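Next up, start37.cif (mmCIF, C-alpha atoms):
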data_work
#
loop_
_atom_site.label_atom_id
_atom_site.label_comp_id
_atom_site.auth_asym_id
_atom_site.auth_seq_id
_atom_site.Cartn_x
_atom_site.Cartn_y
_atom_site.Cartn_z
CA MET D 1003 31.96 108.31 105.63
CA PHE D 1004 31.73 104.75 106.89
CA MET D 1005 34.80 103.78 104.87
CA LYS D 1006 36.80 106.71 106.32
CA ARG D 1007 35.91 105.69 109.89
CA PHE D 1008 36.71 102.07 109.13
CA ALA D 1009 40.12 103.01 107.69
CA PHE D 1010 40.82 105.17 110.73
CA LEU D 1011 39.96 102.32 113.11
CA ILE D 1012 42.16 99.87 111.19
CA SER D 1013 45.06 102.36 111.21
CA ALA D 1014 44.69 102.89 114.94
CA LEU D 1015 44.59 99.14 115.52
CA LEU D 1016 47.74 98.57 113.45
CA LEU D 1017 49.58 101.37 115.27
CA THR D 1018 48.63 99.84 118.63
CA ILE D 1019 49.88 96.40 117.55
CA ALA D 1020 53.12 97.93 116.24
CA GLY D 1021 53.58 99.82 119.51
CA CYS D 1022 53.13 96.63 121.56
CA ALA D 1023 55.59 94.74 119.36
CA SER D 1024 58.31 97.36 119.71
CA ALA D 1025 57.80 97.38 123.48
CA ILE D 1026 58.87 93.72 123.68
CA PRO D 1027 62.60 93.74 124.40
CA GLU D 1028 64.85 91.83 122.01
CA PHE D 1029 66.75 90.28 124.92
CA SER D 1030 65.48 89.05 128.29
CA ASN D 1031 66.29 86.46 131.01
CA THR D 1032 69.98 87.30 130.78
CA HIS D 1033 72.29 85.56 133.24
CA ILE D 1034 76.07 85.37 133.52
CA SER D 1035 77.48 81.87 134.06
CA ALA D 1036 81.23 82.39 133.71
CA VAL D 1037 83.82 85.14 133.71
CA GLY D 1038 87.31 84.40 132.45
CA SER D 1039 90.15 84.77 130.01
CA ASP D 1040 91.63 82.63 127.23
CA SER D 1041 95.07 83.21 128.68
CA PRO D 1042 94.73 84.12 132.35
CA ASN D 1043 96.75 87.20 133.19
CA GLU D 1044 96.41 90.54 134.88
CA PHE D 1045 95.06 92.21 131.72
CA CYS D 1046 91.61 90.65 132.14
CA SER D 1047 91.44 90.86 135.93
CA ASP D 1048 89.05 93.83 135.91
CA PHE D 1049 86.66 92.52 133.29
CA SER D 1050 83.29 91.33 134.52
CA LEU D 1051 79.64 92.21 133.98
CA THR D 1052 76.51 91.83 136.10
CA ASP D 1053 73.38 90.27 134.61
CA GLU D 1054 71.95 93.76 134.14
CA GLN D 1055 75.08 95.04 132.43
CA ALA D 1056 75.16 92.03 130.10
CA LEU D 1057 71.53 92.69 129.19
CA GLU D 1058 72.38 96.34 128.47
CA PHE D 1059 75.38 95.28 126.37
CA LEU D 1060 73.27 92.91 124.29
CA GLY D 1061 70.55 95.51 123.86
CA ARG D 1062 73.04 98.05 122.56
CA SER D 1063 74.69 95.61 120.14
CA ARG D 1064 74.01 95.19 116.43
CA GLU D 1065 74.29 92.12 114.23
CA VAL D 1066 77.19 92.12 111.73
CA GLU D 1067 78.77 89.88 109.11
CA ILE D 1068 82.10 88.14 109.74
CA ASP D 1069 83.99 90.73 107.65
CA VAL D 1070 83.01 93.59 109.96
CA PHE D 1071 83.38 91.48 113.11
CA HIS D 1072 86.86 90.38 112.08
CA ASN D 1073 88.25 93.51 110.44
CA ASP D 1074 86.87 96.28 112.61
CA TYR D 1075 86.91 94.80 116.13
CA ASP D 1076 89.50 93.26 118.40
CA TYR D 1077 88.85 89.76 119.73
CA LEU D 1078 90.19 90.14 123.25
CA PRO D 1079 90.93 87.22 125.62
CA CYS D 1080 88.64 88.56 128.37
CA TYR D 1081 85.07 87.25 128.29
CA VAL D 1082 81.83 86.75 130.15
CA LYS D 1083 79.60 83.87 129.13
CA GLY D 1084 75.96 83.33 129.92
CA THR D 1085 72.47 82.69 128.65
CA THR D 1086 69.76 84.94 127.34
CA THR D 1087 66.47 84.83 125.48
CA ARG D 1088 66.43 86.58 122.13
CA ASN D 1089 63.07 86.94 120.45
CA ARG D 1090 61.86 83.80 122.30
CA SER D 1091 64.92 81.73 121.33
CA LYS D 1092 67.23 80.57 124.08
CA CYS D 1093 70.83 81.55 123.36
CA GLY D 1094 74.25 81.22 124.90
CA PHE D 1095 76.35 84.36 124.64
CA GLU D 1096 80.00 85.26 124.90
CA ILE D 1097 80.71 88.94 125.38
CA ARG D 1098 84.36 89.94 124.92
CA ALA D 1099 86.14 93.03 126.20
CA GLY D 1100 86.78 94.31 122.67
CA GLY D 1101 83.06 94.97 122.23
CA THR D 1102 82.10 91.74 120.48
CA VAL D 1103 79.34 89.21 121.18
CA GLU D 1104 78.88 85.71 119.81
CA LEU D 1105 75.42 84.21 120.23
CA SER D 1106 74.62 80.52 119.82
CA CYS D 1107 70.86 80.02 119.74
CA ASP D 1108 68.76 76.91 120.10
CA ASN D 1109 67.92 76.97 116.40
CA GLY D 1110 71.56 76.04 115.81
CA LYS D 1111 72.39 79.43 114.36
CA GLY D 1112 75.42 81.44 115.42
CA ILE D 1113 75.13 85.23 115.38
CA LEU D 1114 77.92 87.81 115.49
CA MET D 1115 77.26 91.17 117.12
CA VAL D 1116 79.26 94.25 118.10
CA CYS D 1117 78.64 97.21 120.38
CA ASP D 1118 79.93 100.70 119.60
CA THR D 1119 78.36 102.40 122.62
CA CYS D 1120 79.48 100.06 125.39
CA ASP D 1121 82.78 101.57 126.54
CA HIS D 1122 81.28 102.27 129.96
CA LEU D 1123 80.61 98.52 130.31
CA LEU D 1124 84.09 97.54 129.13
CA GLY D 1125 86.11 99.15 131.87
CA GLY D 1126 85.68 102.78 130.86
CA GLU D 1127 84.39 105.28 133.37
CA GLY D 1128 81.12 107.18 133.06
CA GLN D 1129 77.88 106.44 131.28
CA GLU D 1130 77.12 106.79 127.61
CA MET Y 727 111.29 80.64 89.39
CA SER Y 728 108.80 83.48 89.77
CA LYS Y 729 109.63 87.14 89.20
CA VAL Y 730 108.47 90.39 90.76
CA ILE Y 731 108.08 93.18 88.19
CA ASN Y 732 106.76 96.58 89.28
CA GLY Y 733 104.96 94.99 92.22
CA LYS Y 734 103.46 92.21 90.12
CA PHE Y 735 104.26 88.63 91.10
CA VAL Y 736 104.77 86.91 87.78
CA ASP Y 737 104.38 83.14 87.55
CA THR Y 738 102.07 80.79 85.68
CA LYS Y 739 100.70 79.55 89.02
CA VAL Y 740 99.37 83.01 89.94
CA ILE Y 741 96.37 84.78 88.42
CA GLN Y 742 96.44 88.58 88.50
CA LYS Y 743 93.30 90.06 90.01
CA ILE Y 744 94.55 93.40 91.30
CA HIS Y 745 92.04 95.53 93.24
CA LYS Y 746 93.39 99.07 93.27
CA GLY Y 747 91.01 99.97 96.09
CA LEU Y 748 93.19 97.88 98.41
CA HIS Y 749 96.26 100.06 97.76
CA LYS Y 750 96.90 102.40 100.69
CA GLY Y 751 100.27 103.92 99.86
CA LYS Y 752 103.80 102.92 98.96
CA LEU Y 753 105.20 99.84 100.72
CA THR Y 754 108.89 100.66 100.97
CA ALA Y 755 110.15 97.72 103.07
CA VAL Y 756 108.76 94.26 103.75
CA HIS Y 757 109.82 92.61 106.99
CA ALA Y 758 107.23 89.85 107.26
CA ILE Y 759 104.37 87.86 105.79
CA VAL Y 760 101.08 87.49 107.67
CA VAL Y 761 98.76 84.56 106.91
CA HIS Y 762 94.98 85.07 107.23
CA GLN Y 763 91.72 83.26 106.60
CA THR Y 764 88.86 85.11 104.96
CA GLY Y 765 85.91 83.93 107.07
CA ALA Y 766 83.88 83.38 103.90
CA SER Y 767 83.43 80.12 102.00
CA THR Y 768 84.23 81.36 98.47
CA ALA Y 769 86.87 83.49 96.80
CA GLN Y 770 84.12 85.42 95.02
CA HIS Y 771 82.73 86.65 98.36
CA THR Y 772 86.13 88.16 99.12
CA PHE Y 773 86.52 89.65 95.63
CA ASN Y 774 83.12 91.29 96.08
CA SER Y 775 84.16 92.77 99.41
CA TYR Y 776 87.46 93.97 97.89
CA ALA Y 777 85.45 95.86 95.28
CA ASN Y 778 83.58 97.74 98.02
CA ALA Y 779 85.80 97.99 101.05
CA GLY Y 780 89.26 99.09 102.03
CA ASN Y 781 90.54 96.01 103.85
CA GLY Y 782 92.36 93.16 102.14
CA ALA Y 783 95.64 91.39 101.54
CA HIS Y 784 98.11 90.99 98.67
CA PHE Y 785 97.24 87.40 97.79
CA LEU Y 786 94.24 85.10 98.00
CA ILE Y 787 94.32 81.30 97.83
CA ASP Y 788 90.97 79.74 96.91
CA LYS Y 789 89.62 76.38 98.07
CA LYS Y 790 91.30 74.51 95.20
CA GLY Y 791 94.66 76.10 95.90
CA GLN Y 792 94.56 78.61 93.03
CA ILE Y 793 96.60 81.69 93.93
CA TYR Y 794 95.40 85.18 93.01
CA GLN Y 795 97.44 88.34 93.43
CA THR Y 796 94.97 90.94 94.67
CA ALA Y 797 97.31 93.86 95.44
CA LEU Y 798 100.72 94.96 94.19
CA LEU Y 799 103.70 94.05 96.34
CA ASP Y 800 104.91 97.64 96.46
CA GLN Y 801 101.63 98.84 97.99
CA VAL Y 802 100.48 98.89 101.62
CA THR Y 803 97.19 97.12 102.27
CA TYR Y 804 95.08 97.06 105.43
CA HIS Y 805 95.19 93.45 106.58
CA ILE Y 806 96.46 93.40 110.15
CA GLY Y 807 94.68 95.81 112.50
CA LYS Y 808 96.05 96.87 115.87
CA ILE Y 809 99.12 94.84 116.81
CA ARG Y 810 99.79 93.26 120.20
CA SER Y 811 102.81 94.13 122.31
CA ARG Y 812 105.44 91.67 121.16
CA CYS Y 813 107.58 91.88 124.26
CA ILE Y 814 104.58 91.37 126.57
CA GLU Y 815 103.32 88.39 124.54
CA THR Y 816 106.73 86.76 124.40
CA LYS Y 817 107.68 87.81 127.93
CA ALA Y 818 110.81 89.47 126.56
CA CYS Y 819 110.38 93.06 127.72
CA SER Y 820 113.31 94.77 129.31
CA LYS Y 821 112.60 96.05 132.81
CA THR Y 822 112.19 99.60 131.54
CA GLU Y 823 109.99 98.61 128.60
CA LEU Y 824 107.82 96.38 130.80
CA SER Y 825 107.23 99.28 133.14
CA VAL Y 826 106.20 101.57 130.27
CA ALA Y 827 104.07 98.92 128.54
CA ASN Y 828 102.32 97.85 131.74
CA ALA Y 829 101.46 101.45 132.54
CA ILE Y 830 99.45 101.42 129.30
CA TYR Y 831 98.31 97.79 129.31
CA LEU Y 832 97.05 97.68 132.89
CA LYS Y 833 95.77 101.25 133.14
CA LYS Y 834 92.60 101.53 135.23
CA GLY Y 835 89.59 103.61 134.26
CA LEU Y 836 89.95 103.18 130.51
CA SER Y 837 87.87 100.80 128.44
CA TYR Y 838 89.59 97.75 126.97
CA PRO Y 839 89.22 99.01 123.36
CA VAL Y 840 90.95 102.26 124.38
CA ILE Y 841 93.76 100.39 126.18
CA VAL Y 842 94.38 98.22 123.10
CA LYS Y 843 94.45 101.34 120.92
CA ASN Y 844 96.92 103.09 123.26
CA LEU Y 845 99.18 100.05 123.37
CA TYR Y 846 99.12 99.89 119.57
CA THR Y 847 100.15 103.56 119.39
CA HIS Y 848 103.06 102.76 121.70
CA GLU Y 849 104.11 99.71 119.68
CA LYS Y 850 104.08 101.65 116.41
CA SER Y 851 107.06 103.70 117.61
CA LYS Y 852 109.24 100.56 117.70
CA SER Y 853 111.14 98.97 114.84
CA TYR Y 854 110.66 95.43 113.57
CA PRO Y 855 111.43 92.89 115.02
CA ASP Y 856 111.05 94.61 118.42
CA ARG Y 857 107.38 94.87 117.49
CA TYR Y 858 105.10 92.64 115.42
CA PRO Y 859 104.74 93.43 111.71
CA MET Y 860 102.23 96.08 110.69
CA ASN Y 861 100.41 96.97 107.47
CA THR Y 862 103.26 99.30 106.58
CA ASP Y 863 105.95 96.61 106.51
CA SER Y 864 104.30 93.32 105.67
CA VAL Y 865 102.65 91.30 102.91
CA GLY Y 866 99.33 89.58 103.59
CA ILE Y 867 98.09 86.24 102.27
CA GLU Y 868 94.40 85.35 102.62
CA ILE Y 869 93.25 81.74 102.51
CA VAL Y 870 89.60 81.19 101.69
CA GLY Y 871 88.00 79.55 104.71
CA LYS Y 872 84.63 79.95 106.40
CA TYR Y 873 84.18 80.97 110.01
CA ASP Y 874 81.53 78.71 111.55
CA THR Y 875 79.54 81.06 113.78
CA ALA Y 876 77.84 78.17 115.60
CA LYS Y 877 81.04 76.26 116.39
CA LYS Y 878 83.11 79.47 116.65
CA ILE Y 879 85.94 78.09 114.57
CA TYR Y 880 87.52 78.61 111.14
CA GLU Y 881 87.34 75.65 108.78
CA SER Y 882 90.49 73.66 108.17
CA VAL Y 883 92.86 74.73 105.42
CA THR Y 884 92.80 72.16 102.59
CA ALA Y 885 95.86 70.19 101.45
CA ASN Y 886 95.80 72.03 98.10
CA GLN Y 887 95.69 75.38 99.87
CA ASN Y 888 98.60 74.46 102.11
CA ALA Y 889 100.66 73.27 99.14
CA SER Y 890 100.06 76.61 97.39
CA LEU Y 891 100.74 78.55 100.57
CA LYS Y 892 104.03 76.75 101.10
CA TRP Y 893 105.16 77.47 97.53
CA LEU Y 894 104.07 81.11 97.65
CA ILE Y 895 105.78 81.77 100.98
CA SER Y 896 108.96 80.12 99.73
CA GLU Y 897 109.01 82.28 96.59
CA LEU Y 898 108.16 85.49 98.45
CA SER Y 899 110.75 84.76 101.13
CA THR Y 900 113.39 84.54 98.42
CA HIS Y 901 112.29 87.75 96.70
CA LEU Y 902 111.93 89.68 99.96
CA SER Y 903 114.85 88.13 101.88
CA LEU Y 904 112.64 86.85 104.70
CA LYS Y 905 113.40 84.10 107.19
CA GLN Y 906 111.09 81.41 108.52
CA GLY Y 907 110.63 83.45 111.73
CA ASP Y 908 109.23 86.34 109.70
CA ILE Y 909 106.07 84.41 108.77
CA TYR Y 910 103.13 84.85 111.16
CA ARG Y 911 99.55 83.77 111.62
CA HIS Y 912 97.21 86.76 111.97
CA PRO Y 913 96.10 85.99 115.57
CA ASP Y 914 99.75 85.87 116.70
CA VAL Y 915 100.18 89.47 115.64
CA SER Y 916 96.88 91.12 116.51
CA TYR Y 917 93.72 90.38 118.50
CA LYS Y 918 91.81 87.89 116.34
CA GLN Y 919 90.09 84.53 116.81
CA PRO Y 920 92.80 81.95 117.62
CA SER Y 921 91.53 79.43 115.07
CA GLU Y 922 92.18 81.79 112.12
CA ALA Y 923 94.85 80.14 109.95
CA ALA Y 924 95.60 77.69 112.78
CA THR Y 925 95.70 74.82 110.29
CA ALA Y 926 97.80 76.69 107.72
CA ALA Y 927 101.20 75.07 107.24
CA TRP Y 928 104.26 76.19 105.32
#

Would you encode the structure as structure tokens?
Amino acid sequence: MFMKRFAFLISALLLTIAGCASAIPEFSNTHISAVGSDSPNEFCSDFSLTDEQALEFLGRSREVEIDVFHNDYDYLPCYVKGTTTRNRSKCGFEIRAGGTVELSCDNGKGILMVCDTCDHLLGGEGQE
Amino acid sequence: MSKVINGKFVDTKVIQKIHKGLHKGKLTAVHAIVVHQTGASTAQHTFNSYANAGNGAHFLIDKKGQIYQTALLDQVTYHIGKIRSRCIETKACSKTELSVANAIYLKKGLSYPVIVKNLYTHEKSKSYPDRYPMNTDSVGIEIVGKYDTAKKIYESVTANQNASLKWLISELSTHLSLKQGDIYRHPDVSYKQPSEAATAAW
């Protein structure tokens, strides 16, 4: 009986810890520092994101290998650059209008990410 | 002098490593060659991905300059992606074409990925060289070269790789009756990182 209660308490404790961990957002402290284009022209004139939109974009994105990043997504000239905190690491980010993100974090690691549910943040109308 | 027999490029400098999974239909005309970099540091990484995925080119040049044929020359492979508008990029659109292209390119209310897709659909209706080459009328050459995710740049093509590339392009140009202007770097044709194949020379 004691063992059953003990196991129950441990399970409850672990579930609580897991719940707290998942409640911590992957990205935070997200700020835009630059909006621009590799080759300034009218094409990119409408592309910009607020801090909140950049945070949403990052939150919706998934990490991918170079093959997927390169083959399946377009690397468009329009970008927003800024800083964010990812899992307690400070990172610079570069979100591009084709739905790609490149993160450079303070551990020296570069991370490639893509977003498949961000059309509404990339100039499309309406919310996902 | 090399030979092309039933899609196979025959020469002692080329190792056959055909991946049938890359073949996407009959390639009836070749108007151009497109030069790529793999993004990975070894040829084996690319061979592994060819065994599992549908994207790839006709040739691969490893770090030492060894050339592999990875797809037959009479087969389409998926190596380009959505092409840019050639006349917009080169500022050579006629007045009418510019009006049509801009209506797609600068359309409000659509996401950028959708605009790029619509422009690609429009470009597909043109003939080469009014448009950039596509999968259906080009041969692709991959050069093994890592993409540095921290520095955001592809590594430089080695001297051995460039020597092999130059020879291969020369041979292919003869077989396929291509001119120097028919050879492109991948980012010139579609929306890719500008450093890809930037140091390739032929």

Report as a PDB file with C-alpha atoms, keeping the file's coordinate frame the set of chain D residues whose atoms approach chain Y to within 9 Å, with distances computed over all atoms listed in the file.
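Saved as out.pdb:
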ATOM      1  CA  GLU D1044      96.410  90.540 134.880  1.00  0.00           C
ATOM      2  CA  PHE D1045      95.060  92.210 131.720  1.00  0.00           C
ATOM      3  CA  CYS D1046      91.610  90.650 132.140  1.00  0.00           C
ATOM      4  CA  ASP D1048      89.050  93.830 135.910  1.00  0.00           C
ATOM      5  CA  PHE D1049      86.660  92.520 133.290  1.00  0.00           C
ATOM      6  CA  ILE D1068      82.100  88.140 109.740  1.00  0.00           C
ATOM      7  CA  ASP D1069      83.990  90.730 107.650  1.00  0.00           C
ATOM      8  CA  HIS D1072      86.860  90.380 112.080  1.00  0.00           C
ATOM      9  CA  ASN D1073      88.250  93.510 110.440  1.00  0.00           C
ATOM     10  CA  ASP D1074      86.870  96.280 112.610  1.00  0.00           C
ATOM     11  CA  TYR D1075      86.910  94.800 116.130  1.00  0.00           C
ATOM     12  CA  ASP D1076      89.500  93.260 118.400  1.00  0.00           C
ATOM     13  CA  TYR D1077      88.850  89.760 119.730  1.00  0.00           C
ATOM     14  CA  LEU D1078      90.190  90.140 123.250  1.00  0.00           C
ATOM     15  CA  PRO D1079      90.930  87.220 125.620  1.00  0.00           C
ATOM     16  CA  ALA D1099      86.140  93.030 126.200  1.00  0.00           C
ATOM     17  CA  GLY D1100      86.780  94.310 122.670  1.00  0.00           C
ATOM     18  CA  GLY D1101      83.060  94.970 122.230  1.00  0.00           C
ATOM     19  CA  GLU D1104      78.880  85.710 119.810  1.00  0.00           C
ATOM     20  CA  LEU D1105      75.420  84.210 120.230  1.00  0.00           C
ATOM     21  CA  SER D1106      74.620  80.520 119.820  1.00  0.00           C
ATOM     22  CA  CYS D1107      70.860  80.020 119.740  1.00  0.00           C
ATOM     23  CA  GLY D1110      71.560  76.040 115.810  1.00  0.00           C
ATOM     24  CA  LYS D1111      72.390  79.430 114.360  1.00  0.00           C
ATOM     25  CA  GLY D1112      75.420  81.440 115.420  1.00  0.00           C
ATOM     26  CA  ILE D1113      75.130  85.230 115.380  1.00  0.00           C
ATOM     27  CA  LEU D1114      77.920  87.810 115.490  1.00  0.00           C
ATOM     28  CA  CYS D1120      79.480 100.060 125.390  1.00  0.00           C
ATOM     29  CA  ASP D1121      82.780 101.570 126.540  1.00  0.00           C
ATOM     30  CA  HIS D1122      81.280 102.270 129.960  1.00  0.00           C
ATOM     31  CA  LEU D1123      80.610  98.520 130.310  1.00  0.00           C
ATOM     32  CA  LEU D1124      84.090  97.540 129.130  1.00  0.00           C
ATOM     33  CA  GLY D1125      86.110  99.150 131.870  1.00  0.00           C
ATOM     34  CA  GLY D1126      85.680 102.780 130.860  1.00  0.00           C
ATOM     35  CA  GLU D1127      84.390 105.280 133.370  1.00  0.00           C
TER      36      GLU D1127
END

Which distance in Å separates CA of Ser882 (chain Y) and CA of His784 (chain Y), to one decimal?
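Calculated distance between CA of Ser882 (chain Y) and CA of His784 (chain Y) is 21.2 Å.
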
Report as a list in words the residues that result from applying the PyMOL selection byres ((chain D and resi 1115) around 10) to the structure here.
Leu1060, Arg1062, Ser1063, Arg1064, Glu1065, Val1066, Glu1067, Ile1068, Val1070, Phe1071, Ile1097, Gly1101, Thr1102, Val1103, Glu1104, Leu1105, Ile1113, Leu1114, Val1116 and Cys1117 of chain D

For a quick check of your reading of the model, name the residues lying within 9 Å of the coordinate (103.2, 88.8, 117.3), counting all atoms listed in the file, and write them as a PyMOL selection string.
chain Y and resi 809-813+815-816+857-859+910-916

Care to translate the PyMOL selection byres ((chain D and resi 1057) around 12) into actual residues of this file, as a ChimeraX atom specification?
/D:1027-1034,1051-1056,1058-1063,1082-1088,1095,1097,1103,1120,1123

Go through Y:Val740, Y:Gln795, Y:Ala926, Y:Val826 and flag the residue nearest Ala889 (chain Y), using all atoms listed in the file for the distances.
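Among the listed residues, the smallest separation from Ala889 (chain Y) belongs to Y:Ala926.
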
Radius query 12 Å about (113.4, 80.6, 87.7), atoms used: all atoms listed in the file, as JSON, numbers by chain:
{"Y": [727, 728, 729, 730, 736, 737, 738, 897, 900, 901]}

Restrict the selected residues to C-alpha atoms and save them as a tab-separated table (two decimals), keeping the file's coordinate frame.
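Output below, filename result.tsv:
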chain	number	residue	atom	x	y	z
Y	727	MET	CA	111.29	80.64	89.39
Y	728	SER	CA	108.80	83.48	89.77
Y	729	LYS	CA	109.63	87.14	89.20
Y	730	VAL	CA	108.47	90.39	90.76
Y	736	VAL	CA	104.77	86.91	87.78
Y	737	ASP	CA	104.38	83.14	87.55
Y	738	THR	CA	102.07	80.79	85.68
Y	897	GLU	CA	109.01	82.28	96.59
Y	900	THR	CA	113.39	84.54	98.42
Y	901	HIS	CA	112.29	87.75	96.70

Y:Tyr794, Y:Asp863, Y:Leu786, Y:Ser896: which is nearest His762 (chain Y), counting only C-alpha atoms?
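For His762 (chain Y), the nearest of the given residues is Y:Leu786.
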
Taking only C-alpha atoms into account, which of D:Thr1119, D:Gly1038, D:Asp1108, D:Tyr1081 comes nearest Gly1094 (chain D)?
D:Asp1108

Pairwise distance for CA of Gln906 (chain Y) and CA of Ala923 (chain Y), rounded to one decimal in Å:
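Separation between CA of Gln906 (chain Y) and CA of Ala923 (chain Y): 16.4 Å.
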
Name the residues that the PyMOL selection byres ((chain Y and resi 755) around 8) pulls out of this structure, and write them as a list in words.
Leu753, Thr754, Val756, His757, Thr862, Asp863 and Ser864 of chain Y

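Interatomic distance, CA of Gln770 (chain Y) to CA of Lys790 (chain Y): 13.1 Å.
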
Kindly indicate which residue among Y:Thr803, Y:Thr884, Y:Leu902, Y:Ala818 lies nearest to Asp856 (chain Y), using all atoms listed in the file for the distances.
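Of all the options, Y:Ala818 lies closest to Asp856 (chain Y).
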
Any idea what's packed within 8 Å of Gly733 (chain Y), counting only C-alpha atoms, ignoring anything in its chain fewer than 3 positions away? Could you give it as a list in words?
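My list of contacting residues is Val730, Leu798, Leu799, Asp800 and Gln801 of chain Y.
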
Complete the atoms of region 808-827 of chain Y to N, CA and C atoms and put them out as a short mmCIF file (atom, residue, chain, number, x, y, z; two decimals), in the coordinates of the input.
data_model
loop_
_atom_site.label_atom_id
_atom_site.label_comp_id
_atom_site.auth_asym_id
_atom_site.auth_seq_id
_atom_site.Cartn_x
_atom_site.Cartn_y
_atom_site.Cartn_z
N LYS Y 808 95.19 96.40 114.78
CA LYS Y 808 96.05 96.87 115.87
C LYS Y 808 96.92 95.71 116.39
N ILE Y 809 98.23 95.93 116.39
CA ILE Y 809 99.12 94.84 116.81
C ILE Y 809 99.20 94.72 118.33
N ARG Y 810 99.53 93.53 118.78
CA ARG Y 810 99.79 93.26 120.20
C ARG Y 810 101.17 93.79 120.57
N SER Y 811 101.46 93.80 121.86
CA SER Y 811 102.81 94.13 122.31
C SER Y 811 103.65 92.85 122.21
N ARG Y 812 104.64 92.88 121.36
CA ARG Y 812 105.44 91.67 121.16
C ARG Y 812 106.19 91.29 122.43
N CYS Y 813 106.77 92.26 123.10
CA CYS Y 813 107.58 91.88 124.26
C CYS Y 813 106.72 91.39 125.43
N ILE Y 814 105.48 91.90 125.53
CA ILE Y 814 104.58 91.37 126.57
C ILE Y 814 104.17 89.94 126.22
N GLU Y 815 103.79 89.72 124.96
CA GLU Y 815 103.32 88.39 124.54
C GLU Y 815 104.41 87.33 124.66
N THR Y 816 105.63 87.73 124.37
CA THR Y 816 106.73 86.76 124.40
C THR Y 816 107.52 86.82 125.71
N LYS Y 817 107.03 87.65 126.62
CA LYS Y 817 107.68 87.81 127.93
C LYS Y 817 109.17 88.17 127.76
N ALA Y 818 109.43 89.09 126.85
CA ALA Y 818 110.81 89.47 126.56
C ALA Y 818 111.07 90.96 126.78
N CYS Y 819 110.19 91.61 127.51
CA CYS Y 819 110.38 93.06 127.72
C CYS Y 819 111.57 93.29 128.65
N SER Y 820 112.31 94.33 128.34
CA SER Y 820 113.31 94.77 129.31
C SER Y 820 112.55 95.35 130.50
N LYS Y 821 113.26 95.54 131.61
CA LYS Y 821 112.60 96.05 132.81
C LYS Y 821 111.96 97.42 132.54
N THR Y 822 112.69 98.25 131.84
CA THR Y 822 112.19 99.60 131.54
C THR Y 822 110.98 99.53 130.62
N GLU Y 823 111.08 98.72 129.56
CA GLU Y 823 109.99 98.61 128.60
C GLU Y 823 108.76 97.99 129.25
N LEU Y 824 108.96 97.01 130.12
CA LEU Y 824 107.82 96.38 130.80
C LEU Y 824 107.08 97.40 131.65
N SER Y 825 107.84 98.25 132.29
CA SER Y 825 107.23 99.28 133.14
C SER Y 825 106.38 100.24 132.30
N VAL Y 826 106.93 100.64 131.16
CA VAL Y 826 106.20 101.57 130.27
C VAL Y 826 104.97 100.87 129.68
N ALA Y 827 105.17 99.65 129.19
CA ALA Y 827 104.07 98.92 128.54
C ALA Y 827 102.95 98.60 129.54
#
